[in-house]
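What follows is a set of notes on a single structure, which appears directly below.
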Amino acid sequence: MRVLPSFAALRTAVPSWGRGEAQGDLFLDLSWFELLAAHGLEHAAADLRLALVQPPVPAAPLCLPLLAAAGGLHSLSNYYSCAYGPIAPGADMGRLAPDTWRAVGRALRRLPQGATLRLQPLAEEDGLLQAQATGLRAAGYWVDRFFCFVNWSLPCAGLDFDTYLRGRHSRLRHNIERGRRRLDRCAAWGVEICQADDARLQPCLDDYEAVYAASWKQSEARPEFIRQLVRLLAREGSLRLGVLRVDGRALAAQLWWVRDGRACIYKLAYREDAARFSAGSVLSASLFRHAMDVDRVREIDYLSGDDAYKREWMSHRRERWGLVAFDPWRPAGLAAALRHHAGGAWRRLGAAFNRSGVPAP
């Protein structure tokens, strides 16, 4: 394993990466990690550790993007990340066997910051989470898992929008129909879905930011990250930036992308003073229709959150988890493990007291 200090060094080490068409999960793409390090995190350049690994069996290399923190390493991820894993273009994440992760774990234990690891968020259904946990244990780490967030998705291969909508709860259908009737009565309105890096991109992005600022959402922590993400998606042709306008004024906006047959819903907002139009639901319906009938995706993914409205649109509930690993043969790793397990025991004790009706300590 080699530890590289920058993405420029990684591109030099593996020049074939990043040259092909956009495909696979954006959150595991080299371009995503570069963008996150440049615009989504403070001090990422100084803390970056890119672990370039050649698996023990003949296979393409993989890179685990990490950040060095006090006493350990953690994944190059934050609140903008809805998945995490190695950069391995073209690889099936579920086929990266525990032996691969054992080799990775042994190499990480030799690093100065390798006493503790924290990797998140990880998908359970593709086998990557279990393979990582098994491999890291075989490498000598003590491994535990923790819950990150709920993920809702909709398998929709071969399904058209009208058929889909007829199968949803009447509450959702009536909300969309009622919103459209109110929009029809009040003024001229329409939906634009911006997909390309052309003259319409900046006006749509401006409308998105204006709607977001006027919505119930907290202020964007890193607005430049979102701007650069939109431009990246537009350049590769995967952007689906939807804006609903009434008389030229944007009432709702949503940031989606479509990659490899999967539509991802990343950001959505509507103006609070326009709630009576159900503008968010009407815009969602337009984007769902586009994803199913035009893009013909096999899955639509709400990415993160267990909000009630997401359950109305989706059908399958999944969970995203994190892994924490400790090297018990190093003082920092052992101390961190003891703190971690002591904290877990204390929380379980408190929960037991609460269930028994006795006040928690």
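Here, A, B, ... name the chains of the structure tokens in the order displayed, residue numbers run from 1 inside each chain, and ligands are numbered from 1 in the same displayed order.
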
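Residues in contact with Tyr266 of chain A at up to 8 Å, not including ones fewer than 3 positions away on its chain and judged by only C-alpha atoms, are A:Gln254, A:Leu255, A:Trp256, A:Trp257, A:Tyr302, A:Leu303.
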
From the DSSP assignment of the backbone, select every residue of segment 23-270 of chain A that is strand (DSSP E or B), and format the answer as a PDB file with N, CA and C atoms, in the first residue's frame.
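What follows is the written file selection-v9.pdb:
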ATOM      1  N   LEU A  48      -5.246  15.066   4.250  1.00  0.00           N
ATOM      2  CA  LEU A  48      -5.594  14.017   3.295  1.00  0.00           C
ATOM      3  C   LEU A  48      -4.594  12.861   3.337  1.00  0.00           C
ATOM      4  N   ARG A  49      -5.132  11.635   3.328  1.00  0.00           N
ATOM      5  CA  ARG A  49      -4.328  10.421   3.232  1.00  0.00           C
ATOM      6  C   ARG A  49      -5.030   9.509   2.233  1.00  0.00           C
ATOM      7  N   LEU A  50      -4.454   9.326   1.064  1.00  0.00           N
ATOM      8  CA  LEU A  50      -5.056   8.499   0.025  1.00  0.00           C
ATOM      9  C   LEU A  50      -4.340   7.158   0.011  1.00  0.00           C
ATOM     10  N   ALA A  51      -4.993   6.138   0.549  1.00  0.00           N
ATOM     11  CA  ALA A  51      -4.388   4.809   0.670  1.00  0.00           C
ATOM     12  C   ALA A  51      -4.622   4.039  -0.623  1.00  0.00           C
ATOM     13  N   LEU A  52      -3.594   3.936  -1.444  1.00  0.00           N
ATOM     14  CA  LEU A  52      -3.672   3.234  -2.729  1.00  0.00           C
ATOM     15  C   LEU A  52      -3.228   1.796  -2.504  1.00  0.00           C
ATOM     16  N   VAL A  53      -4.120   0.873  -2.802  1.00  0.00           N
ATOM     17  CA  VAL A  53      -3.911  -0.536  -2.460  1.00  0.00           C
ATOM     18  C   VAL A  53      -4.002  -1.393  -3.707  1.00  0.00           C
ATOM     19  N   LEU A  62      -7.281  -0.118  -5.837  1.00  0.00           N
ATOM     20  CA  LEU A  62      -8.340   0.675  -5.238  1.00  0.00           C
ATOM     21  C   LEU A  62      -7.710   1.705  -4.322  1.00  0.00           C
ATOM     22  N   CYS A  63      -8.453   2.776  -4.083  1.00  0.00           N
ATOM     23  CA  CYS A  63      -7.957   3.839  -3.211  1.00  0.00           C
ATOM     24  C   CYS A  63      -8.994   4.136  -2.147  1.00  0.00           C
ATOM     25  N   LEU A  64      -8.566   4.148  -0.899  1.00  0.00           N
ATOM     26  CA  LEU A  64      -9.433   4.487   0.220  1.00  0.00           C
ATOM     27  C   LEU A  64      -9.091   5.916   0.642  1.00  0.00           C
ATOM     28  N   PRO A  65      -9.967   6.896   0.338  1.00  0.00           N
ATOM     29  CA  PRO A  65      -9.686   8.292   0.704  1.00  0.00           C
ATOM     30  C   PRO A  65      -9.960   8.517   2.193  1.00  0.00           C
ATOM     31  N   LEU A  66      -8.954   8.976   2.902  1.00  0.00           N
ATOM     32  CA  LEU A  66      -9.034   9.132   4.347  1.00  0.00           C
ATOM     33  C   LEU A  66      -8.541  10.512   4.762  1.00  0.00           C
ATOM     34  N   LEU A  67      -8.923  10.886   5.972  1.00  0.00           N
ATOM     35  CA  LEU A  67      -8.415  12.098   6.604  1.00  0.00           C
ATOM     36  C   LEU A  67      -7.760  11.711   7.919  1.00  0.00           C
ATOM     37  N   ALA A  68      -6.635  12.326   8.201  1.00  0.00           N
ATOM     38  CA  ALA A  68      -5.960  12.096   9.478  1.00  0.00           C
ATOM     39  C   ALA A  68      -6.558  13.025  10.518  1.00  0.00           C
ATOM     40  N   ALA A  69      -6.908  12.437  11.649  1.00  0.00           N
ATOM     41  CA  ALA A  69      -7.440  13.217  12.771  1.00  0.00           C
ATOM     42  C   ALA A  69      -6.626  12.873  14.008  1.00  0.00           C
ATOM     43  N   GLY A  72      -6.199   9.088  14.935  1.00  0.00           N
ATOM     44  CA  GLY A  72      -6.783   8.101  14.044  1.00  0.00           C
ATOM     45  C   GLY A  72      -7.007   8.596  12.626  1.00  0.00           C
ATOM     46  N   LEU A  73      -7.651   7.737  11.839  1.00  0.00           N
ATOM     47  CA  LEU A  73      -8.019   8.021  10.460  1.00  0.00           C
ATOM     48  C   LEU A  73      -9.531   7.905  10.328  1.00  0.00           C
ATOM     49  N   HIS A  74     -10.112   8.776   9.529  1.00  0.00           N
ATOM     50  CA  HIS A  74     -11.541   8.613   9.253  1.00  0.00           C
ATOM     51  C   HIS A  74     -11.801   8.875   7.785  1.00  0.00           C
ATOM     52  N   SER A  75     -12.948   8.415   7.346  1.00  0.00           N
ATOM     53  CA  SER A  75     -13.288   8.490   5.928  1.00  0.00           C
ATOM     54  C   SER A  75     -13.375   9.939   5.464  1.00  0.00           C
ATOM     55  N   ILE A  87     -12.403   4.211  -3.987  1.00  0.00           N
ATOM     56  CA  ILE A  87     -12.395   4.548  -5.407  1.00  0.00           C
ATOM     57  C   ILE A  87     -11.843   3.324  -6.133  1.00  0.00           C
ATOM     58  N   THR A 116      -6.845   3.993  15.156  1.00  0.00           N
ATOM     59  CA  THR A 116      -8.301   3.929  15.078  1.00  0.00           C
ATOM     60  C   THR A 116      -8.744   4.281  13.663  1.00  0.00           C
ATOM     61  N   LEU A 117      -9.852   3.688  13.244  1.00  0.00           N
ATOM     62  CA  LEU A 117     -10.464   3.967  11.944  1.00  0.00           C
ATOM     63  C   LEU A 117     -11.941   4.261  12.150  1.00  0.00           C
ATOM     64  N   ARG A 118     -12.458   5.159  11.334  1.00  0.00           N
ATOM     65  CA  ARG A 118     -13.899   5.437  11.353  1.00  0.00           C
ATOM     66  C   ARG A 118     -14.332   5.648   9.909  1.00  0.00           C
ATOM     67  N   LEU A 119     -15.188   4.744   9.404  1.00  0.00           N
ATOM     68  CA  LEU A 119     -15.615   4.763   8.011  1.00  0.00           C
ATOM     69  C   LEU A 119     -17.128   4.875   7.963  1.00  0.00           C
ATOM     70  N   GLN A 120     -17.645   5.864   7.205  1.00  0.00           N
ATOM     71  CA  GLN A 120     -19.090   6.084   7.124  1.00  0.00           C
ATOM     72  C   GLN A 120     -19.404   7.056   5.980  1.00  0.00           C
ATOM     73  N   PRO A 121     -20.687   6.939   5.481  1.00  0.00           N
ATOM     74  CA  PRO A 121     -21.717   5.926   5.689  1.00  0.00           C
ATOM     75  C   PRO A 121     -21.552   4.784   4.688  1.00  0.00           C
ATOM     76  N   LEU A 122     -21.926   3.586   5.115  1.00  0.00           N
ATOM     77  CA  LEU A 122     -21.713   2.378   4.325  1.00  0.00           C
ATOM     78  C   LEU A 122     -23.044   1.686   4.063  1.00  0.00           C
ATOM     79  N   ALA A 123     -23.188   1.154   2.843  1.00  0.00           N
ATOM     80  CA  ALA A 123     -24.382   0.390   2.487  1.00  0.00           C
ATOM     81  C   ALA A 123     -24.212  -1.055   2.932  1.00  0.00           C
ATOM     82  N   TRP A 142     -10.174  -4.413  16.508  1.00  0.00           N
ATOM     83  CA  TRP A 142     -11.471  -4.590  17.142  1.00  0.00           C
ATOM     84  C   TRP A 142     -12.456  -3.716  16.371  1.00  0.00           C
ATOM     85  N   VAL A 143     -13.571  -4.286  15.943  1.00  0.00           N
ATOM     86  CA  VAL A 143     -14.487  -3.591  15.033  1.00  0.00           C
ATOM     87  C   VAL A 143     -15.886  -3.538  15.627  1.00  0.00           C
ATOM     88  N   ASP A 144     -16.514  -2.388  15.530  1.00  0.00           N
ATOM     89  CA  ASP A 144     -17.912  -2.227  15.922  1.00  0.00           C
ATOM     90  C   ASP A 144     -18.607  -1.418  14.834  1.00  0.00           C
ATOM     91  N   ARG A 145     -19.909  -1.463  14.815  1.00  0.00           N
ATOM     92  CA  ARG A 145     -20.681  -0.719  13.830  1.00  0.00           C
ATOM     93  C   ARG A 145     -21.630   0.223  14.540  1.00  0.00           C
ATOM     94  N   PHE A 146     -22.034   1.278  13.841  1.00  0.00           N
ATOM     95  CA  PHE A 146     -22.974   2.237  14.409  1.00  0.00           C
ATOM     96  C   PHE A 146     -23.910   2.717  13.315  1.00  0.00           C
ATOM     97  N   PHE A 147     -25.107   3.092  13.719  1.00  0.00           N
ATOM     98  CA  PHE A 147     -26.140   3.529  12.779  1.00  0.00           C
ATOM     99  C   PHE A 147     -25.860   4.948  12.307  1.00  0.00           C
ATOM    100  N   CYS A 148     -26.074   5.183  10.996  1.00  0.00           N
ATOM    101  CA  CYS A 148     -25.909   6.533  10.433  1.00  0.00           C
ATOM    102  C   CYS A 148     -27.258   7.173  10.095  1.00  0.00           C
ATOM    103  N   PHE A 149     -27.994   6.586   9.144  1.00  0.00           N
ATOM    104  CA  PHE A 149     -29.265   7.172   8.758  1.00  0.00           C
ATOM    105  C   PHE A 149     -30.073   6.160   7.945  1.00  0.00           C
ATOM    106  N   VAL A 150     -31.343   6.501   7.719  1.00  0.00           N
ATOM    107  CA  VAL A 150     -32.259   5.686   6.924  1.00  0.00           C
ATOM    108  C   VAL A 150     -32.200   6.141   5.467  1.00  0.00           C
ATOM    109  N   ASN A 151     -32.336   5.197   4.580  1.00  0.00           N
ATOM    110  CA  ASN A 151     -32.352   5.465   3.141  1.00  0.00           C
ATOM    111  C   ASN A 151     -33.628   4.870   2.543  1.00  0.00           C
ATOM    112  N   TRP A 152     -34.388   5.689   1.793  1.00  0.00           N
ATOM    113  CA  TRP A 152     -35.579   5.213   1.092  1.00  0.00           C
ATOM    114  C   TRP A 152     -35.322   5.187  -0.412  1.00  0.00           C
ATOM    115  N   SER A 153     -35.779   4.132  -1.071  1.00  0.00           N
ATOM    116  CA  SER A 153     -35.561   3.998  -2.507  1.00  0.00           C
ATOM    117  C   SER A 153     -36.784   3.377  -3.170  1.00  0.00           C
ATOM    118  N   LEU A 154     -36.805   3.467  -4.501  1.00  0.00           N
ATOM    119  CA  LEU A 154     -37.915   2.944  -5.303  1.00  0.00           C
ATOM    120  C   LEU A 154     -37.367   2.188  -6.498  1.00  0.00           C
ATOM    121  N   PRO A 155     -37.368   0.850  -6.481  1.00  0.00           N
ATOM    122  CA  PRO A 155     -37.050   0.108  -7.706  1.00  0.00           C
ATOM    123  C   PRO A 155     -38.146   0.369  -8.734  1.00  0.00           C
ATOM    124  N   TRP A 189     -47.537  29.091 -15.199  1.00  0.00           N
ATOM    125  CA  TRP A 189     -46.496  28.403 -14.452  1.00  0.00           C
ATOM    126  C   TRP A 189     -45.898  27.304 -15.318  1.00  0.00           C
ATOM    127  N   GLY A 190     -44.724  26.837 -14.938  1.00  0.00           N
ATOM    128  CA  GLY A 190     -44.076  25.773 -15.678  1.00  0.00           C
ATOM    129  C   GLY A 190     -42.895  25.215 -14.910  1.00  0.00           C
ATOM    130  N   VAL A 191     -42.414  24.088 -15.390  1.00  0.00           N
ATOM    131  CA  VAL A 191     -41.267  23.407 -14.778  1.00  0.00           C
ATOM    132  C   VAL A 191     -40.150  23.335 -15.808  1.00  0.00           C
ATOM    133  N   GLU A 192     -38.952  23.692 -15.400  1.00  0.00           N
ATOM    134  CA  GLU A 192     -37.764  23.539 -16.231  1.00  0.00           C
ATOM    135  C   GLU A 192     -36.828  22.544 -15.566  1.00  0.00           C
ATOM    136  N   ILE A 193     -36.295  21.622 -16.350  1.00  0.00           N
ATOM    137  CA  ILE A 193     -35.315  20.659 -15.854  1.00  0.00           C
ATOM    138  C   ILE A 193     -34.013  20.908 -16.603  1.00  0.00           C
ATOM    139  N   CYS A 194     -33.069  21.517 -15.910  1.00  0.00           N
ATOM    140  CA  CYS A 194     -31.786  21.865 -16.514  1.00  0.00           C
ATOM    141  C   CYS A 194     -30.851  20.656 -16.422  1.00  0.00           C
ATOM    142  N   LEU A 239     -26.826  15.897 -14.682  1.00  0.00           N
ATOM    143  CA  LEU A 239     -27.605  16.839 -13.884  1.00  0.00           C
ATOM    144  C   LEU A 239     -29.086  16.793 -14.241  1.00  0.00           C
ATOM    145  N   ARG A 240     -29.929  16.873 -13.199  1.00  0.00           N
ATOM    146  CA  ARG A 240     -31.366  17.092 -13.348  1.00  0.00           C
ATOM    147  C   ARG A 240     -31.749  18.129 -12.283  1.00  0.00           C
ATOM    148  N   LEU A 241     -31.598  19.403 -12.633  1.00  0.00           N
ATOM    149  CA  LEU A 241     -31.896  20.506 -11.719  1.00  0.00           C
ATOM    150  C   LEU A 241     -33.257  21.057 -12.091  1.00  0.00           C
ATOM    151  N   GLY A 242     -34.254  20.755 -11.268  1.00  0.00           N
ATOM    152  CA  GLY A 242     -35.627  21.136 -11.574  1.00  0.00           C
ATOM    153  C   GLY A 242     -36.035  22.414 -10.864  1.00  0.00           C
ATOM    154  N   VAL A 243     -36.717  23.289 -11.586  1.00  0.00           N
ATOM    155  CA  VAL A 243     -37.210  24.546 -11.020  1.00  0.00           C
ATOM    156  C   VAL A 243     -38.658  24.738 -11.454  1.00  0.00           C
ATOM    157  N   LEU A 244     -39.537  25.012 -10.487  1.00  0.00           N
ATOM    158  CA  LEU A 244     -40.932  25.341 -10.786  1.00  0.00           C
ATOM    159  C   LEU A 244     -41.097  26.843 -10.607  1.00  0.00           C
ATOM    160  N   ARG A 245     -41.599  27.519 -11.660  1.00  0.00           N
ATOM    161  CA  ARG A 245     -41.758  28.970 -11.629  1.00  0.00           C
ATOM    162  C   ARG A 245     -43.209  29.356 -11.892  1.00  0.00           C
ATOM    163  N   VAL A 246     -43.629  30.442 -11.247  1.00  0.00           N
ATOM    164  CA  VAL A 246     -44.931  31.064 -11.497  1.00  0.00           C
ATOM    165  C   VAL A 246     -44.671  32.504 -11.914  1.00  0.00           C
ATOM    166  N   ARG A 249     -41.163  33.623 -11.379  1.00  0.00           N
ATOM    167  CA  ARG A 249     -40.616  33.556 -10.019  1.00  0.00           C
ATOM    168  C   ARG A 249     -40.538  32.101  -9.580  1.00  0.00           C
ATOM    169  N   ALA A 250     -39.358  31.682  -9.162  1.00  0.00           N
ATOM    170  CA  ALA A 250     -39.161  30.293  -8.746  1.00  0.00           C
ATOM    171  C   ALA A 250     -39.796  30.055  -7.378  1.00  0.00           C
ATOM    172  N   LEU A 251     -40.655  29.022  -7.299  1.00  0.00           N
ATOM    173  CA  LEU A 251     -41.298  28.659  -6.038  1.00  0.00           C
ATOM    174  C   LEU A 251     -40.690  27.402  -5.419  1.00  0.00           C
ATOM    175  N   ALA A 252     -40.144  26.528  -6.244  1.00  0.00           N
ATOM    176  CA  ALA A 252     -39.572  25.271  -5.739  1.00  0.00           C
ATOM    177  C   ALA A 252     -38.399  24.884  -6.625  1.00  0.00           C
ATOM    178  N   ALA A 253     -37.442  24.205  -6.037  1.00  0.00           N
ATOM    179  CA  ALA A 253     -36.271  23.756  -6.796  1.00  0.00           C
ATOM    180  C   ALA A 253     -35.754  22.460  -6.181  1.00  0.00           C
ATOM    181  N   GLN A 254     -35.229  21.589  -7.047  1.00  0.00           N
ATOM    182  CA  GLN A 254     -34.690  20.305  -6.584  1.00  0.00           C
ATOM    183  C   GLN A 254     -33.450  19.949  -7.389  1.00  0.00           C
ATOM    184  N   LEU A 255     -32.473  19.400  -6.689  1.00  0.00           N
ATOM    185  CA  LEU A 255     -31.231  18.950  -7.318  1.00  0.00           C
ATOM    186  C   LEU A 255     -31.213  17.429  -7.339  1.00  0.00           C
ATOM    187  N   TRP A 256     -31.302  16.868  -8.546  1.00  0.00           N
ATOM    188  CA  TRP A 256     -31.204  15.434  -8.787  1.00  0.00           C
ATOM    189  C   TRP A 256     -30.012  15.195  -9.715  1.00  0.00           C
ATOM    190  N   TRP A 257     -29.603  13.919  -9.789  1.00  0.00           N
ATOM    191  CA  TRP A 257     -28.729  13.497 -10.878  1.00  0.00           C
ATOM    192  C   TRP A 257     -29.087  12.073 -11.286  1.00  0.00           C
ATOM    193  N   VAL A 258     -28.721  11.715 -12.497  1.00  0.00           N
ATOM    194  CA  VAL A 258     -28.986  10.376 -13.042  1.00  0.00           C
ATOM    195  C   VAL A 258     -27.662   9.802 -13.518  1.00  0.00           C
ATOM    196  N   ARG A 259     -27.301   8.667 -12.941  1.00  0.00           N
ATOM    197  CA  ARG A 259     -26.050   7.991 -13.296  1.00  0.00           C
ATOM    198  C   ARG A 259     -26.294   6.493 -13.311  1.00  0.00           C
ATOM    199  N   ARG A 262     -29.672   5.103 -12.330  1.00  0.00           N
ATOM    200  CA  ARG A 262     -30.165   5.401 -10.975  1.00  0.00           C
ATOM    201  C   ARG A 262     -30.315   6.908 -10.822  1.00  0.00           C
ATOM    202  N   ALA A 263     -31.516   7.332 -10.431  1.00  0.00           N
ATOM    203  CA  ALA A 263     -31.778   8.746 -10.177  1.00  0.00           C
ATOM    204  C   ALA A 263     -31.667   9.012  -8.686  1.00  0.00           C
ATOM    205  N   CYS A 264     -30.865  10.005  -8.317  1.00  0.00           N
ATOM    206  CA  CYS A 264     -30.639  10.345  -6.917  1.00  0.00           C
ATOM    207  C   CYS A 264     -31.210  11.723  -6.628  1.00  0.00           C
ATOM    208  N   ILE A 265     -32.002  11.805  -5.566  1.00  0.00           N
ATOM    209  CA  ILE A 265     -32.615  13.062  -5.135  1.00  0.00           C
ATOM    210  C   ILE A 265     -31.749  13.616  -4.007  1.00  0.00           C
ATOM    211  N   TYR A 266     -31.063  14.708  -4.284  1.00  0.00           N
ATOM    212  CA  TYR A 266     -30.040  15.183  -3.343  1.00  0.00           C
ATOM    213  C   TYR A 266     -30.493  16.367  -2.496  1.00  0.00           C
ATOM    214  N   LYS A 267     -31.087  17.362  -3.138  1.00  0.00           N
ATOM    215  CA  LYS A 267     -31.506  18.572  -2.426  1.00  0.00           C
ATOM    216  C   LYS A 267     -32.862  19.003  -2.948  1.00  0.00           C
ATOM    217  N   LEU A 268     -33.733  19.467  -2.040  1.00  0.00           N
ATOM    218  CA  LEU A 268     -35.024  19.973  -2.464  1.00  0.00           C
ATOM    219  C   LEU A 268     -35.495  21.045  -1.497  1.00  0.00           C
ATOM    220  N   ALA A 269     -36.200  22.021  -2.036  1.00  0.00           N
ATOM    221  CA  ALA A 269     -36.690  23.127  -1.212  1.00  0.00           C
ATOM    222  C   ALA A 269     -37.830  23.824  -1.940  1.00  0.00           C
ATOM    223  N   TYR A 270     -38.677  24.501  -1.163  1.00  0.00           N
ATOM    224  CA  TYR A 270     -39.708  25.351  -1.738  1.00  0.00           C
ATOM    225  C   TYR A 270     -39.869  26.572  -0.837  1.00  0.00           C
TER     226      TYR A 270
END

*For segment 99-107 of chain A, list every protein, DNA or RNA residue within 6 Å, evaluated using only C-alpha atoms, and leave out those in the same chain fewer than 3 positions away; present the list as a VMD selection string.*
chain A and resid 55 110 132 135 to 136 138 to 139

Within 10 Å of segment 273-288 of chain A, which residues of segment 118-207 of chain A show up? Give each one with its shortest atom-to-atom distance in Å (one decimal) and the two atoms involved, counting only C-alpha atoms, rows by chain then rising residue number, as CSV.
residue,atom,partner,partner_atom,distance
A:Asp160,CA,A:Phe288,CA,9.6
A:Phe161,CA,A:Phe288,CA,7.0
A:Tyr164,CA,A:Phe288,CA,9.6
A:Leu165,CA,A:Ala285,CA,8.8
A:Leu172,CA,A:Ser281,CA,8.2
A:Arg173,CA,A:Ser281,CA,9.4
A:Asn175,CA,A:Ser278,CA,6.8
A:Ile176,CA,A:Val282,CA,5.3
A:Glu177,CA,A:Val282,CA,8.1
A:Arg178,CA,A:Ser278,CA,7.7
A:Gly179,CA,A:Phe277,CA,4.6
A:Arg180,CA,A:Val282,CA,6.8
A:Arg181,CA,A:Phe277,CA,8.6
A:Arg182,CA,A:Phe277,CA,6.0
A:Leu183,CA,A:Phe277,CA,6.3
A:Asp184,CA,A:Phe277,CA,9.9
A:Cys186,CA,A:Phe277,CA,9.6
A:Gly190,CA,A:Leu283,CA,9.3
A:Val191,CA,A:Leu283,CA,7.0
A:Glu192,CA,A:Ser286,CA,9.3
A:Ile193,CA,A:Leu287,CA,7.8

Keeping only N, CA and C atoms, write those residues as a short mmCIF file (atom, residue, chain, number, x, y, z; two decimals), in the first residue's frame.
data_model
loop_
_atom_site.label_atom_id
_atom_site.label_comp_id
_atom_site.auth_asym_id
_atom_site.auth_seq_id
_atom_site.Cartn_x
_atom_site.Cartn_y
_atom_site.Cartn_z
N ASP A 160 -43.75 2.93 -15.78
CA ASP A 160 -44.00 4.30 -16.24
C ASP A 160 -44.62 5.11 -15.11
N PHE A 161 -44.54 6.43 -15.23
CA PHE A 161 -44.95 7.28 -14.12
C PHE A 161 -46.43 7.17 -13.81
N TYR A 164 -47.11 4.10 -11.89
CA TYR A 164 -46.54 4.28 -10.55
C TYR A 164 -47.44 5.12 -9.66
N LEU A 165 -47.89 6.26 -10.19
CA LEU A 165 -48.67 7.18 -9.36
C LEU A 165 -50.02 6.57 -8.97
N LEU A 172 -51.13 11.37 -1.56
CA LEU A 172 -50.10 11.95 -2.42
C LEU A 172 -50.70 12.39 -3.76
N ARG A 173 -51.53 11.55 -4.36
CA ARG A 173 -52.14 11.91 -5.65
C ARG A 173 -52.97 13.17 -5.52
N ASN A 175 -52.75 15.54 -3.31
CA ASN A 175 -51.90 16.70 -3.03
C ASN A 175 -51.31 17.27 -4.33
N ILE A 176 -50.87 16.38 -5.23
CA ILE A 176 -50.33 16.83 -6.51
C ILE A 176 -51.43 17.46 -7.36
N GLU A 177 -52.58 16.81 -7.44
CA GLU A 177 -53.69 17.34 -8.26
C GLU A 177 -54.18 18.68 -7.73
N ARG A 178 -54.29 18.80 -6.42
CA ARG A 178 -54.75 20.05 -5.82
C ARG A 178 -53.75 21.18 -6.10
N GLY A 179 -52.47 20.87 -5.98
CA GLY A 179 -51.46 21.88 -6.27
C GLY A 179 -51.51 22.34 -7.72
N ARG A 180 -51.66 21.41 -8.63
CA ARG A 180 -51.73 21.79 -10.05
C ARG A 180 -52.96 22.65 -10.34
N ARG A 181 -54.11 22.33 -9.74
CA ARG A 181 -55.32 23.13 -9.95
C ARG A 181 -55.11 24.57 -9.46
N ARG A 182 -54.48 24.70 -8.29
CA ARG A 182 -54.24 26.04 -7.75
C ARG A 182 -53.25 26.82 -8.61
N LEU A 183 -52.24 26.14 -9.12
CA LEU A 183 -51.28 26.80 -10.01
C LEU A 183 -51.96 27.22 -11.31
N ASP A 184 -52.83 26.37 -11.83
CA ASP A 184 -53.54 26.70 -13.08
C ASP A 184 -54.42 27.92 -12.91
N CYS A 186 -54.00 30.49 -10.73
CA CYS A 186 -53.39 31.74 -10.28
C CYS A 186 -52.59 32.45 -11.36
N GLY A 190 -44.72 26.84 -14.94
CA GLY A 190 -44.08 25.77 -15.68
C GLY A 190 -42.90 25.21 -14.91
N VAL A 191 -42.41 24.09 -15.39
CA VAL A 191 -41.27 23.41 -14.78
C VAL A 191 -40.15 23.34 -15.81
N GLU A 192 -38.95 23.69 -15.40
CA GLU A 192 -37.76 23.54 -16.23
C GLU A 192 -36.83 22.54 -15.57
N ILE A 193 -36.29 21.62 -16.35
CA ILE A 193 -35.31 20.66 -15.85
C ILE A 193 -34.01 20.91 -16.60
#

*asked:* Give me the residues near Gly40 of chain A as a list of chain:residue names, where near means some atom within 8 Å (using only C-alpha atoms) and where sequence neighbours in that chain fewer than 2 positions away do not count.
replied: A:Leu35, A:Leu36, A:Ala37, A:Ala38, A:Glu42, A:Tyr80, A:Arg222, A:Phe225

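Separating atom CA of Ile300 of chain A from atom CA of Leu41 of chain A is a distance of 27.7 Å.
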
_Between atom CA of Pro328 of chain A and atom CA of Gly114 of chain A, distance in Å (one decimal)_ = 11.1 Å

*Could you give me, as JSON, numbers by chain, each residue of segment 198-263 of chain A that DSSP assigns to alpha helix (DSSP H) when run on this structure's backbone?*
{"A": [201, 202, 203, 204, 205, 206, 207, 208, 209, 210, 211, 212, 213, 223, 224, 225, 226, 227, 228, 229, 230, 231, 232, 233, 234, 235, 236]}

*asked:* Neighbouring residues of Trp329 of chain A were defined as those with any atom within 10 Å, considering only C-alpha atoms; residues of the same chain fewer than 3 positions away were excluded. Please report them as number ranges by chain.
replied: A: 109, 115, 140-141, 326, 332-334

*Computed interatomic separation between atom CA of Trp32 of chain A and atom CA of Arg296 of chain A (Å)*: 24.2 Å
